[in-house]
$ cat target06.pdb   # PDB, C-alpha atoms and all ligand atoms
ATOM      1  CA  MET M1433       0.000   0.000   0.000
ATOM      2  CA  GLY M1434       1.372   3.422  -0.951
ATOM      3  CA  TYR M1435       2.804   5.742   1.690
ATOM      4  CA  LEU M1436       0.281   8.568   1.114
ATOM      5  CA  SER M1437      -2.756   6.287   1.242
ATOM      6  CA  ARG M1438      -1.492   4.580   4.389
ATOM      7  CA  ARG M1439      -0.766   7.917   6.063
ATOM      8  CA  GLU M1440      -4.245   9.188   5.180
ATOM      9  CA  LEU M1441      -5.832   6.016   6.552
ATOM     10  CA  HIS M1442      -3.826   6.063   9.783
ATOM     11  CA  THR M1443      -4.580   9.750  10.355
ATOM     12  CA  LEU M1444      -8.305   9.079  10.019
ATOM     13  CA  MET M1445      -8.103   6.015  12.290
ATOM     14  CA  ARG M1446      -6.326   8.053  14.940
ATOM     15  CA  LYS M1447      -8.651  11.058  14.749
ATOM     16  CA  ARG M1448     -12.013   9.297  14.339
ATOM     17  CA  GLN M1449     -12.669   7.350  17.490
ATOM     18  CA  ASN M1450     -16.419   7.605  17.971
ATOM     19  CA  LEU M1451     -18.964   5.743  15.872
ATOM     20  CA  ALA M1452     -20.264   8.721  13.874
ATOM     21  CA  GLY M1453     -16.704   9.806  13.098
ATOM     22  CA  ILE M1454     -15.710   6.299  11.999
ATOM     23  CA  VAL M1455     -18.693   6.053   9.640
ATOM     24  CA  GLN M1456     -17.966   9.517   8.226
ATOM     25  CA  ALA M1457     -14.306   8.564   7.715
ATOM     26  CA  THR M1458     -15.262   6.175   4.912
ATOM     27  CA  TRP M1459     -16.645   9.175   3.011
ATOM     28  CA  ASP M1460     -13.772  11.506   3.904
ATOM     29  CA  TYR M1461     -10.825   9.203   3.162
ATOM     30  CA  ALA M1462      -9.015  10.099  -0.062
ATOM     31  CA  GLY M1463      -6.192   7.708  -1.001
ATOM     32  CA  ARG M1464      -4.230   7.162  -4.185
ATOM     33  CA  GLY M1465      -4.406   4.779  -7.154
ATOM     34  CA  PRO M1466      -5.873   1.371  -6.265
ATOM     35  CA  TYR M1467      -6.420   2.580  -2.687
ATOM     36  CA  ALA M1468      -8.328   5.726  -3.707
ATOM     37  CA  SER M1469     -11.671   5.212  -1.984
ATOM     38  CA  LEU M1470     -13.180   3.514   1.050
ATOM     39  CA  ARG M1471     -16.623   4.869   0.497
ATOM     40  CA  ALA M1472     -19.379   2.653   1.870
ATOM     41  CA  VAL M1473     -22.198   2.011  -0.613
ATOM     42  CA  GLN M1474     -24.713   2.985   2.049
ATOM     43  CA  ARG M1475     -27.009   5.742   3.321
ATOM     44  CA  ILE M1476     -25.203   7.330   6.233
ATOM     45  CA  THR M1477     -28.061   7.304   8.761
ATOM     46  CA  GLU M1478     -28.916   3.685   7.934
ATOM     47  CA  ILE M1479     -25.389   2.333   8.310
ATOM     48  CA  THR M1480     -24.913   4.427  11.458
ATOM     49  CA  ALA M1481     -28.042   2.914  13.035
ATOM     50  CA  LEU M1482     -26.880  -0.589  12.112
ATOM     51  CA  ALA M1483     -23.339   0.001  13.385
ATOM     52  CA  GLN M1484     -24.775   1.219  16.708
ATOM     53  CA  LEU M1485     -26.921  -1.884  17.046
ATOM     54  CA  VAL M1486     -24.017  -4.190  16.182
ATOM     55  CA  GLN M1487     -21.699  -2.403  18.599
ATOM     56  CA  GLN M1488     -24.218  -2.836  21.439
ATOM     57  CA  THR M1489     -24.014  -6.613  20.995
ATOM     58  CA  ASN M1490     -20.241  -6.543  21.534
ATOM     59  CA  PRO M1491     -19.518  -8.948  18.644
ATOM     60  CA  LYS M1492     -16.466 -11.174  18.568
ATOM     61  CA  VAL M1493     -17.001 -12.613  15.070
ATOM     62  CA  ILE M1494     -18.352 -10.720  12.048
ATOM     63  CA  VAL M1495     -18.781 -12.081   8.518
ATOM     64  CA  GLU M1496     -19.545  -9.777   5.600
ATOM     65  CA  ILE M1497     -20.695 -10.995   2.183
ATOM     66  CA  GLY M1498     -19.935  -8.108  -0.210
ATOM     67  CA  THR M1499     -17.078  -5.746   0.685
ATOM     68  CA  ASN M1500     -16.258  -3.913  -2.543
ATOM     69  CA  GLN M1501     -14.354  -0.696  -1.599
ATOM     70  CA  GLY M1502     -14.119  -1.695   2.065
ATOM     71  CA  GLY M1503     -16.390   0.939   3.619
ATOM     72  CA  THR M1504     -18.527  -1.381   5.716
ATOM     73  CA  LEU M1505     -15.538  -3.583   6.586
ATOM     74  CA  PHE M1506     -13.785  -0.495   7.961
ATOM     75  CA  ILE M1507     -16.873   0.364  10.032
ATOM     76  CA  TRP M1508     -17.148  -3.122  11.576
ATOM     77  CA  VAL M1509     -13.466  -3.231  12.500
ATOM     78  CA  ARG M1510     -13.115   0.302  13.832
ATOM     79  CA  THR M1511     -16.363   0.406  15.832
ATOM     80  CA  ASN M1512     -15.693  -2.937  17.554
ATOM     81  CA  PRO M1513     -12.322  -2.792  19.300
ATOM     82  CA  MET M1514     -12.782  -6.208  20.921
ATOM     83  CA  LEU M1515     -13.491  -8.004  17.649
ATOM     84  CA  GLU M1516     -11.610 -11.311  17.408
ATOM     85  CA  MET M1517     -12.357 -12.210  13.806
ATOM     86  CA  VAL M1518     -13.758 -10.539  10.714
ATOM     87  CA  VAL M1519     -14.169 -12.344   7.403
ATOM     88  CA  SER M1520     -14.857 -10.691   4.056
ATOM     89  CA  ILE M1521     -16.365 -12.814   1.276
ATOM     90  CA  ASP M1522     -16.427 -11.137  -2.136
ATOM     91  CA  LEU M1523     -16.272 -12.390  -5.704
ATOM     92  CA  PRO M1524     -13.737 -10.636  -7.962
ATOM     93  CA  GLY M1525     -15.728  -9.065 -10.795
ATOM     94  CA  GLY M1526     -18.984  -9.921  -8.992
ATOM     95  CA  GLN M1527     -22.219  -8.163  -9.835
ATOM     96  CA  PHE M1528     -23.311  -5.098  -7.854
ATOM     97  CA  GLY M1529     -19.840  -3.675  -7.279
ATOM     98  CA  GLY M1530     -17.107  -5.830  -8.775
ATOM     99  CA  GLY M1531     -15.258  -7.071  -5.701
ATOM    100  CA  TYR M1532     -11.765  -5.888  -4.874
ATOM    101  CA  ASP M1533      -8.293  -6.295  -6.250
ATOM    102  CA  ALA M1534      -5.916  -8.559  -4.266
ATOM    103  CA  ARG M1535      -3.783  -5.461  -3.512
ATOM    104  CA  ARG M1536      -6.643  -4.011  -1.481
ATOM    105  CA  ILE M1537      -6.218  -6.775   1.093
ATOM    106  CA  ARG M1538      -3.089  -4.966   2.285
ATOM    107  CA  GLN M1539      -5.152  -1.850   2.821
ATOM    108  CA  TYR M1540      -7.985  -3.725   4.555
ATOM    109  CA  ARG M1541      -5.498  -5.368   6.919
ATOM    110  CA  GLU M1542      -4.413  -1.889   8.021
ATOM    111  CA  PHE M1543      -7.885  -1.381   9.551
ATOM    112  CA  ALA M1544      -6.794  -3.662  12.411
ATOM    113  CA  VAL M1545      -3.125  -2.709  12.501
ATOM    114  CA  ASP M1546      -3.442  -1.605  16.151
ATOM    115  CA  ARG M1547      -5.568  -4.649  17.106
ATOM    116  CA  PRO M1548      -3.348  -7.727  17.265
ATOM    117  CA  HIS M1549      -6.273  -9.703  18.713
ATOM    118  CA  THR M1550      -8.416  -9.039  15.579
ATOM    119  CA  CYS M1551      -7.847 -11.659  12.912
ATOM    120  CA  MET M1552      -8.898 -10.717   9.358
ATOM    121  CA  ASP M1553      -9.611 -13.233   6.594
ATOM    122  CA  PHE M1554     -10.401 -12.590   2.957
ATOM    123  CA  LEU M1555     -12.232 -15.124   0.815
ATOM    124  CA  ARG M1556     -12.305 -13.795  -2.763
ATOM    125  CA  VAL M1557     -14.779 -16.441  -3.927
ATOM    126  CA  ASP M1558     -18.391 -16.946  -5.011
ATOM    127  CA  SER M1559     -20.420 -17.016  -1.799
ATOM    128  CA  HIS M1560     -22.794 -19.508  -3.439
ATOM    129  CA  ALA M1561     -20.194 -22.239  -3.922
ATOM    130  CA  ALA M1562     -20.313 -25.018  -1.324
ATOM    131  CA  SER M1563     -16.515 -24.772  -1.168
ATOM    132  CA  SER M1564     -16.873 -21.156   0.061
ATOM    133  CA  VAL M1565     -19.015 -22.193   3.038
ATOM    134  CA  ASN M1566     -16.482 -24.933   3.770
ATOM    135  CA  ALA M1567     -13.629 -22.428   3.566
ATOM    136  CA  LEU M1568     -15.468 -20.141   5.973
ATOM    137  CA  MET M1569     -16.134 -23.008   8.387
ATOM    138  CA  GLN M1570     -12.456 -23.810   8.344
ATOM    139  CA  VAL M1571     -11.541 -20.218   9.140
ATOM    140  CA  LEU M1572     -14.140 -20.071  11.923
ATOM    141  CA  GLY M1573     -13.027 -23.298  13.594
ATOM    142  CA  ASN M1574     -15.373 -23.826  16.515
ATOM    143  CA  ARG M1575     -16.574 -20.207  16.554
ATOM    144  CA  THR M1576     -20.058 -19.084  15.547
ATOM    145  CA  ILE M1577     -20.911 -15.780  13.855
ATOM    146  CA  ASP M1578     -22.233 -12.928  16.011
ATOM    147  CA  PHE M1579     -23.121 -10.666  13.100
ATOM    148  CA  LEU M1580     -23.615 -11.608   9.439
ATOM    149  CA  PHE M1581     -23.913  -8.782   6.905
ATOM    150  CA  ILE M1582     -25.441  -9.848   3.560
ATOM    151  CA  ASP M1583     -24.603  -7.322   0.840
ATOM    152  CA  GLY M1584     -23.342  -9.459  -2.066
ATOM    153  CA  ASP M1585     -25.477 -10.800  -4.901
ATOM    154  CA  HIS M1586     -28.703  -8.745  -4.781
ATOM    155  CA  THR M1587     -30.837 -11.022  -6.986
ATOM    156  CA  TYR M1588     -33.672 -12.919  -5.290
ATOM    157  CA  GLN M1589     -31.946 -16.284  -5.683
ATOM    158  CA  GLY M1590     -28.596 -14.802  -4.742
ATOM    159  CA  VAL M1591     -29.671 -13.271  -1.453
ATOM    160  CA  LYS M1592     -31.786 -16.328  -0.644
ATOM    161  CA  MET M1593     -28.788 -18.615  -1.129
ATOM    162  CA  ASP M1594     -26.594 -16.395   1.032
ATOM    163  CA  PHE M1595     -29.194 -16.521   3.791
ATOM    164  CA  GLU M1596     -29.770 -20.263   3.547
ATOM    165  CA  MET M1597     -26.090 -21.180   3.313
ATOM    166  CA  TYR M1598     -24.665 -18.864   5.982
ATOM    167  CA  SER M1599     -27.431 -18.250   8.548
ATOM    168  CA  PRO M1600     -26.890 -21.702  10.167
ATOM    169  CA  LEU M1601     -23.435 -20.449  11.186
ATOM    170  CA  VAL M1602     -24.887 -17.494  13.138
ATOM    171  CA  ARG M1603     -25.224 -18.029  16.865
ATOM    172  CA  LYS M1604     -28.569 -17.929  18.648
ATOM    173  CA  GLY M1605     -29.002 -14.326  19.763
ATOM    174  CA  GLY M1606     -26.857 -13.064  16.867
ATOM    175  CA  LEU M1607     -27.817 -10.634  14.105
ATOM    176  CA  ILE M1608     -28.226 -10.952  10.337
ATOM    177  CA  ALA M1609     -28.542  -7.746   8.319
ATOM    178  CA  PHE M1610     -29.532  -7.369   4.668
ATOM    179  CA  HIS M1611     -28.670  -4.298   2.657
ATOM    180  CA  ASP M1612     -30.939  -2.824  -0.036
ATOM    181  CA  ILE M1613     -34.295  -4.007   1.300
ATOM    182  CA  VAL M1614     -35.980  -1.262  -0.740
ATOM    183  CA  THR M1615     -36.300  -1.763  -4.491
ATOM    184  CA  CYS M1616     -33.259  -0.241  -6.130
ATOM    185  CA  GLY M1617     -33.735  -1.375  -9.740
ATOM    186  CA  SER M1618     -31.207  -2.979 -12.088
ATOM    187  CA  GLY M1619     -31.749  -6.540 -10.883
ATOM    188  CA  CYS M1620     -31.864  -5.766  -7.168
ATOM    189  CA  GLU M1621     -34.511  -8.004  -5.612
ATOM    190  CA  VAL M1622     -33.514  -8.015  -1.950
ATOM    191  CA  ASN M1623     -36.847  -6.373  -1.115
ATOM    192  CA  ARG M1624     -38.723  -9.448  -2.357
ATOM    193  CA  PHE M1625     -36.644 -11.830  -0.249
ATOM    194  CA  TRP M1626     -36.776  -9.531   2.766
ATOM    195  CA  ASN M1627     -40.577  -9.436   2.593
ATOM    196  CA  ASP M1628     -40.644 -13.250   2.476
ATOM    197  CA  ILE M1629     -38.256 -13.746   5.374
ATOM    198  CA  LYS M1630     -38.699 -10.884   7.800
ATOM    199  CA  SER M1631     -41.664 -12.298   9.683
ATOM    200  CA  VAL M1632     -39.770 -15.482  10.671
ATOM    201  CA  SER M1633     -38.288 -13.685  13.667
ATOM    202  CA  ARG M1634     -38.067 -10.348  15.429
ATOM    203  CA  HIS M1635     -36.802  -7.803  12.943
ATOM    204  CA  GLU M1636     -36.072  -4.134  12.458
ATOM    205  CA  GLU M1637     -35.733  -1.840   9.451
ATOM    206  CA  PHE M1638     -33.496   1.197   9.066
ATOM    207  CA  MET M1639     -34.517   3.638   6.346
ATOM    208  CA  GLU M1640     -33.245   7.132   5.826
ATOM    209  CA  GLY M1641     -36.734   8.255   4.879
ATOM    210  CA  PRO M1642     -39.345   7.676   2.233
ATOM    211  CA  GLN M1643     -36.802   8.759  -0.381
ATOM    212  CA  SER M1644     -34.325   6.031   0.595
ATOM    213  CA  ASN M1645     -33.582   3.621  -2.241
ATOM    214  CA  MET M1646     -31.448   1.390  -0.045
ATOM    215  CA  GLY M1647     -32.612   0.457   3.455
ATOM    216  CA  ILE M1648     -31.279  -2.129   5.887
ATOM    217  CA  GLY M1649     -33.242  -5.015   7.397
ATOM    218  CA  VAL M1650     -32.060  -6.779  10.541
ATOM    219  CA  LEU M1651     -33.157 -10.211  11.748
ATOM    220  CA  TYR M1652     -32.638 -11.115  15.399
ATOM    221  CA  VAL M1653     -31.711 -14.791  15.304
TER
HETATM  222  C1  LIG Q1701     -22.774  -3.398  -3.099
HETATM  223  S1  LIG Q1701     -21.203  -4.153  -3.036
HETATM  224  C2  LIG Q1701     -20.818  -4.248  -1.300
HETATM  225  C3  LIG Q1701     -20.725  -2.906  -0.663
HETATM  226  C4  LIG Q1701     -20.145  -2.836   0.712
HETATM  227  N1  LIG Q1701     -20.786  -3.749   1.637
HETATM  228  C5  LIG Q1701     -20.303  -1.421   1.225
HETATM  229  O1  LIG Q1701     -21.387  -1.093   1.719
HETATM  230  O2  LIG Q1701     -19.374  -0.627   1.082
HETATM  231  C6  LIG Q1701     -21.593  -5.820  -3.465
HETATM  232  C7  LIG Q1701     -20.394  -6.743  -3.581
HETATM  233  O3  LIG Q1701     -20.893  -8.083  -3.620
HETATM  234  C8  LIG Q1701     -20.035  -8.841  -4.426
HETATM  235  N2  LIG Q1701     -20.727 -10.043  -4.923
HETATM  236  C9  LIG Q1701     -21.690 -10.132  -5.865
HETATM  237  N3  LIG Q1701     -22.041 -11.417  -6.065
HETATM  238  C10 LIG Q1701     -21.294 -12.160  -5.219
HETATM  239  C11 LIG Q1701     -21.171 -13.554  -4.958
HETATM  240  N4  LIG Q1701     -21.920 -14.459  -5.603
HETATM  241  N5  LIG Q1701     -20.269 -13.955  -4.043
HETATM  242  C12 LIG Q1701     -19.500 -13.074  -3.367
HETATM  243  N6  LIG Q1701     -19.576 -11.731  -3.573
HETATM  244  C13 LIG Q1701     -20.445 -11.282  -4.485
HETATM  245  C14 LIG Q1701     -19.614  -7.901  -5.540
HETATM  246  O4  LIG Q1701     -18.378  -8.312  -6.092
HETATM  247  C15 LIG Q1701     -19.545  -6.550  -4.819
HETATM  248  O5  LIG Q1701     -18.215  -6.215  -4.484
END
$ encode --input "target06.pdb" --output "structure tokens" --more "lines below"
Ligand SMILES: C[S@@+](CC[C@H](N)C(=O)[O-])C[C@H]1O[C@@H](n2cnc3c(N)ncnc32)[C@H](O)[C@@H]1O
Amino acid sequence: MGYLSRRELHTLMRKRQNLAGIVQATWDYAGRGPYASLRAVQRITEITALAQLVQQTNPKVIVEIGTNQGGTLFIWVRTNPMLEMVVSIDLPGGQFGGGYDARRIRQYREFAVDRPHTCMDFLRVDSHAASSVNALMQVLGNRTIDFLFIDGDHTYQGVKMDFEMYSPLVRKGGLIAFHDIVTCGSGCEVNRFWNDIKSVSRHEEFMEGPQSNMGIGVLYV
């Protein structure tokens, strides 16, 4: 990772200690070349509400399907200082964002540079392959997931498969969040799956307002 991008990232990590500041940092960061942006593909009030909820549960293990430019990964790591493990699953060239270049892993590892107890793993694979679930299970060992963030393939079948394949790994009392529960066009069908699934357990929705075209749905497992 280039010197200027690393310096910019470390300055933000040092200066932004509270949750709102950490979320805002993903918008404010300006790196260079392949490390140019960390911007979360989110509405700021929605991701802030989710990050607050996740933080209150004091998670030890977080798994994110769909990382792209690293914005949400940064938020999970920086707002949870006691995190023991975070795993990013993202398909290079995947739909709805395109994944991330292998070089970005160096940048993402910097998020936990001051947290030797936080282990980061990167699975650049199709979340729908059985081998990907097996790879995750290997990384997890005997741990269960405290918080699962589903923000990968946004088609109906895609989000359904992510839920069905990964939710059994979430502990009882854990959280599963889905991004884009409001129709957002161009093949995004999370809203349909969310409407099918949300009544299975206690749930909550975060929406910036009636104008929001994203929205986050949370299931309490
Ligand atoms: C909207 S982006 C994630 C945004 C990120 N969570 C954020 O808020 O900053 C969606 C990501 O899902 C990935 N993706 C799409 N289909 C996938 C699949 N089948 N397996 C793994 N990742 C996938 C894409 O490569 C893309 O990087």
$ resolve_selection --input "target06.pdb" --expression "the PyMOL selection byres (((chain M and resi 1499) around 10) and not hetatm)" --output "VMD selection string"
chain M and resid 1472 to 1473 1496 to 1498 1500 to 1506 1519 to 1523 1529 to 1532 1554 1556 1581 to 1584
$ atom_distance --input "target06.pdb" --atom1 "atom CA of M:Tyr1435" --atom2 "atom CA of M:Gln1474"
27.7 Å
$ resolve_selection --input "target06.pdb" --expression "the PyMOL selection byres (((chain M and resi 1434) around 9) and not hetatm)" --output "mmCIF file with C-alpha atoms, keeping the file's coordinate frame"
data_model
loop_
_atom_site.group_PDB
_atom_site.id
_atom_site.type_symbol
_atom_site.label_atom_id
_atom_site.label_comp_id
_atom_site.auth_asym_id
_atom_site.auth_seq_id
_atom_site.Cartn_x
_atom_site.Cartn_y
_atom_site.Cartn_z
ATOM 1 C CA MET M 1433 0.000 0.000 0.000
ATOM 2 C CA TYR M 1435 2.804 5.742 1.690
ATOM 3 C CA LEU M 1436 0.281 8.568 1.114
ATOM 4 C CA SER M 1437 -2.756 6.287 1.242
ATOM 5 C CA ARG M 1438 -1.492 4.580 4.389
ATOM 6 C CA ARG M 1439 -0.766 7.917 6.063
ATOM 7 C CA GLY M 1463 -6.192 7.708 -1.001
ATOM 8 C CA ARG M 1464 -4.230 7.162 -4.185
ATOM 9 C CA GLY M 1465 -4.406 4.779 -7.154
ATOM 10 C CA TYR M 1467 -6.420 2.580 -2.687
#
$ atom_distance --input "target06.pdb" --atom1 "atom CA of M:Trp1508" --atom2 "atom CA of M:Gly1590"
23.1 Å
$ resolve_selection --input "target06.pdb" --expression "the PyMOL selection byres (((chain M and resi 1572) around 12) and not hetatm)" --output "PyMOL selection string"
chain M and resi 1492-1495+1516-1519+1551-1553+1565-1571+1573-1578+1601-1602
$ atom_distance --input "target06.pdb" --atom1 "atom CA of M:Thr1615" --atom2 "atom CA of M:Ile1454"
27.6 Å
$ closest_residue --input "target06.pdb" --among "M:Gln1539, M:Gln1589, M:Thr1443, M:Gln1484" --to "ligand LIG 1701 (chain Q)" --atoms "all atoms listed in the file"
M:Gln1589
$ residues_around --input "target06.pdb" --residues "M:Ser1644" --least-positions-apart "3" --cutoff "9 Å" --atoms "all atoms listed in the file" --output "CSV table (one decimal) with C-alpha atoms, in the coordinates of the input"
chain,number,residue,atom,x,y,z
M,1475,ARG,CA,-27.0,5.7,3.3
M,1614,VAL,CA,-36.0,-1.3,-0.7
M,1639,MET,CA,-34.5,3.6,6.3
M,1640,GLU,CA,-33.2,7.1,5.8
M,1641,GLY,CA,-36.7,8.3,4.9
M,1647,GLY,CA,-32.6,0.5,3.5
$ closest_residue --input "target06.pdb" --among "M:Met1597, M:Leu1441, M:Ser1633, M:Gly1453" --to "M:Ser1563" --atoms "all atoms listed in the file"
M:Met1597
$ closest_residue --input "target06.pdb" --among "M:Thr1587, M:Gln1527, M:Ala1561, M:Ala1452" --to "M:Glu1478" --atoms "all atoms listed in the file"
M:Ala1452
$ closest_residue --input "target06.pdb" --among "M:Glu1621, M:Asp1594, M:Asp1628, M:Asp1558" --to "ligand LIG 1701 (chain Q)" --atoms "all atoms listed in the file"
M:Asp1558
$ axis_aligned_box --input "target06.pdb" --around "stretch 1574-1590 of chain M" --padding-each-side "4 Å" --output "AutoDock Vina command-line options"
--center_x -24.5 --center_y -15.6 --center_z 4.8 --size_x 26.3 --size_y 24.5 --size_z 31.5
$ residues_near_point --input "target06.pdb" --point "(-38.5, -12.5, 13.3)" --cutoff "12 Å" --atoms "only C-alpha atoms" --output "PDB file with C-alpha atoms, in the frame of the given file"
ATOM      1  CA  GLY M1605     -29.002 -14.326  19.763  1.00  0.00           C
ATOM      2  CA  LEU M1607     -27.817 -10.634  14.105  1.00  0.00           C
ATOM      3  CA  ILE M1608     -28.226 -10.952  10.337  1.00  0.00           C
ATOM      4  CA  TRP M1626     -36.776  -9.531   2.766  1.00  0.00           C
ATOM      5  CA  ASN M1627     -40.577  -9.436   2.593  1.00  0.00           C
ATOM      6  CA  ASP M1628     -40.644 -13.250   2.476  1.00  0.00           C
ATOM      7  CA  ILE M1629     -38.256 -13.746   5.374  1.00  0.00           C
ATOM      8  CA  LYS M1630     -38.699 -10.884   7.800  1.00  0.00           C
ATOM      9  CA  SER M1631     -41.664 -12.298   9.683  1.00  0.00           C
ATOM     10  CA  VAL M1632     -39.770 -15.482  10.671  1.00  0.00           C
ATOM     11  CA  SER M1633     -38.288 -13.685  13.667  1.00  0.00           C
ATOM     12  CA  ARG M1634     -38.067 -10.348  15.429  1.00  0.00           C
ATOM     13  CA  HIS M1635     -36.802  -7.803  12.943  1.00  0.00           C
ATOM     14  CA  GLU M1636     -36.072  -4.134  12.458  1.00  0.00           C
ATOM     15  CA  GLU M1637     -35.733  -1.840   9.451  1.00  0.00           C
ATOM     16  CA  GLY M1649     -33.242  -5.015   7.397  1.00  0.00           C
ATOM     17  CA  VAL M1650     -32.060  -6.779  10.541  1.00  0.00           C
ATOM     18  CA  LEU M1651     -33.157 -10.211  11.748  1.00  0.00           C
ATOM     19  CA  TYR M1652     -32.638 -11.115  15.399  1.00  0.00           C
ATOM     20  CA  VAL M1653     -31.711 -14.791  15.304  1.00  0.00           C
TER      21      VAL M1653
END
$ residues_near_point --input "target06.pdb" --point "(-21.3, 4.0, 13.6)" --cutoff "8 Å" --atoms "all atoms listed in the file" --output "short mmCIF file (atom, residue, chain, number, x, y, z; two decimals) with C-alpha atoms, in the frame of the given file"
data_model
loop_
_atom_site.label_atom_id
_atom_site.label_comp_id
_atom_site.auth_asym_id
_atom_site.auth_seq_id
_atom_site.Cartn_x
_atom_site.Cartn_y
_atom_site.Cartn_z
CA ASN M 1450 -16.42 7.60 17.97
CA LEU M 1451 -18.96 5.74 15.87
CA ALA M 1452 -20.26 8.72 13.87
CA GLY M 1453 -16.70 9.81 13.10
CA ILE M 1454 -15.71 6.30 12.00
CA VAL M 1455 -18.69 6.05 9.64
CA ILE M 1479 -25.39 2.33 8.31
CA THR M 1480 -24.91 4.43 11.46
CA ALA M 1481 -28.04 2.91 13.04
CA LEU M 1482 -26.88 -0.59 12.11
CA ALA M 1483 -23.34 0.00 13.38
CA GLN M 1484 -24.78 1.22 16.71
CA ILE M 1507 -16.87 0.36 10.03
CA THR M 1511 -16.36 0.41 15.83
#
$ closest_residue --input "target06.pdb" --among "M:Val1545, M:His1611, M:Leu1444, M:Pro1513" --to "ligand LIG 1701 (chain Q)" --atoms "all atoms listed in the file"
M:His1611
$ closest_residue --input "target06.pdb" --among "M:Asn1512, M:Gln1487, M:Ser1559, M:Gln1643" --to "ligand LIG 1701 (chain Q)" --atoms "only C-alpha atoms and all ligand atoms"
M:Ser1559
$ decode --input "target06.pdb" --residues "stretch 1477-1519 of chain M" --atoms "C-alpha atoms" --output "PDB file, in the first residue's frame"
ATOM      1  CA  THR M1477     -28.061   7.304   8.761  1.00  0.00           C
ATOM      2  CA  GLU M1478     -28.916   3.685   7.934  1.00  0.00           C
ATOM      3  CA  ILE M1479     -25.389   2.333   8.310  1.00  0.00           C
ATOM      4  CA  THR M1480     -24.913   4.427  11.458  1.00  0.00           C
ATOM      5  CA  ALA M1481     -28.042   2.914  13.035  1.00  0.00           C
ATOM      6  CA  LEU M1482     -26.880  -0.589  12.112  1.00  0.00           C
ATOM      7  CA  ALA M1483     -23.339   0.001  13.385  1.00  0.00           C
ATOM      8  CA  GLN M1484     -24.775   1.219  16.708  1.00  0.00           C
ATOM      9  CA  LEU M1485     -26.921  -1.884  17.046  1.00  0.00           C
ATOM     10  CA  VAL M1486     -24.017  -4.190  16.182  1.00  0.00           C
ATOM     11  CA  GLN M1487     -21.699  -2.403  18.599  1.00  0.00           C
ATOM     12  CA  GLN M1488     -24.218  -2.836  21.439  1.00  0.00           C
ATOM     13  CA  THR M1489     -24.014  -6.613  20.995  1.00  0.00           C
ATOM     14  CA  ASN M1490     -20.241  -6.543  21.534  1.00  0.00           C
ATOM     15  CA  PRO M1491     -19.518  -8.948  18.644  1.00  0.00           C
ATOM     16  CA  LYS M1492     -16.466 -11.174  18.568  1.00  0.00           C
ATOM     17  CA  VAL M1493     -17.001 -12.613  15.070  1.00  0.00           C
ATOM     18  CA  ILE M1494     -18.352 -10.720  12.048  1.00  0.00           C
ATOM     19  CA  VAL M1495     -18.781 -12.081   8.518  1.00  0.00           C
ATOM     20  CA  GLU M1496     -19.545  -9.777   5.600  1.00  0.00           C
ATOM     21  CA  ILE M1497     -20.695 -10.995   2.183  1.00  0.00           C
ATOM     22  CA  GLY M1498     -19.935  -8.108  -0.210  1.00  0.00           C
ATOM     23  CA  THR M1499     -17.078  -5.746   0.685  1.00  0.00           C
ATOM     24  CA  ASN M1500     -16.258  -3.913  -2.543  1.00  0.00           C
ATOM     25  CA  GLN M1501     -14.354  -0.696  -1.599  1.00  0.00           C
ATOM     26  CA  GLY M1502     -14.119  -1.695   2.065  1.00  0.00           C
ATOM     27  CA  GLY M1503     -16.390   0.939   3.619  1.00  0.00           C
ATOM     28  CA  THR M1504     -18.527  -1.381   5.716  1.00  0.00           C
ATOM     29  CA  LEU M1505     -15.538  -3.583   6.586  1.00  0.00           C
ATOM     30  CA  PHE M1506     -13.785  -0.495   7.961  1.00  0.00           C
ATOM     31  CA  ILE M1507     -16.873   0.364  10.032  1.00  0.00           C
ATOM     32  CA  TRP M1508     -17.148  -3.122  11.576  1.00  0.00           C
ATOM     33  CA  VAL M1509     -13.466  -3.231  12.500  1.00  0.00           C
ATOM     34  CA  ARG M1510     -13.115   0.302  13.832  1.00  0.00           C
ATOM     35  CA  THR M1511     -16.363   0.406  15.832  1.00  0.00           C
ATOM     36  CA  ASN M1512     -15.693  -2.937  17.554  1.00  0.00           C
ATOM     37  CA  PRO M1513     -12.322  -2.792  19.300  1.00  0.00           C
ATOM     38  CA  MET M1514     -12.782  -6.208  20.921  1.00  0.00           C
ATOM     39  CA  LEU M1515     -13.491  -8.004  17.649  1.00  0.00           C
ATOM     40  CA  GLU M1516     -11.610 -11.311  17.408  1.00  0.00           C
ATOM     41  CA  MET M1517     -12.357 -12.210  13.806  1.00  0.00           C
ATOM     42  CA  VAL M1518     -13.758 -10.539  10.714  1.00  0.00           C
ATOM     43  CA  VAL M1519     -14.169 -12.344   7.403  1.00  0.00           C
TER      44      VAL M1519
END
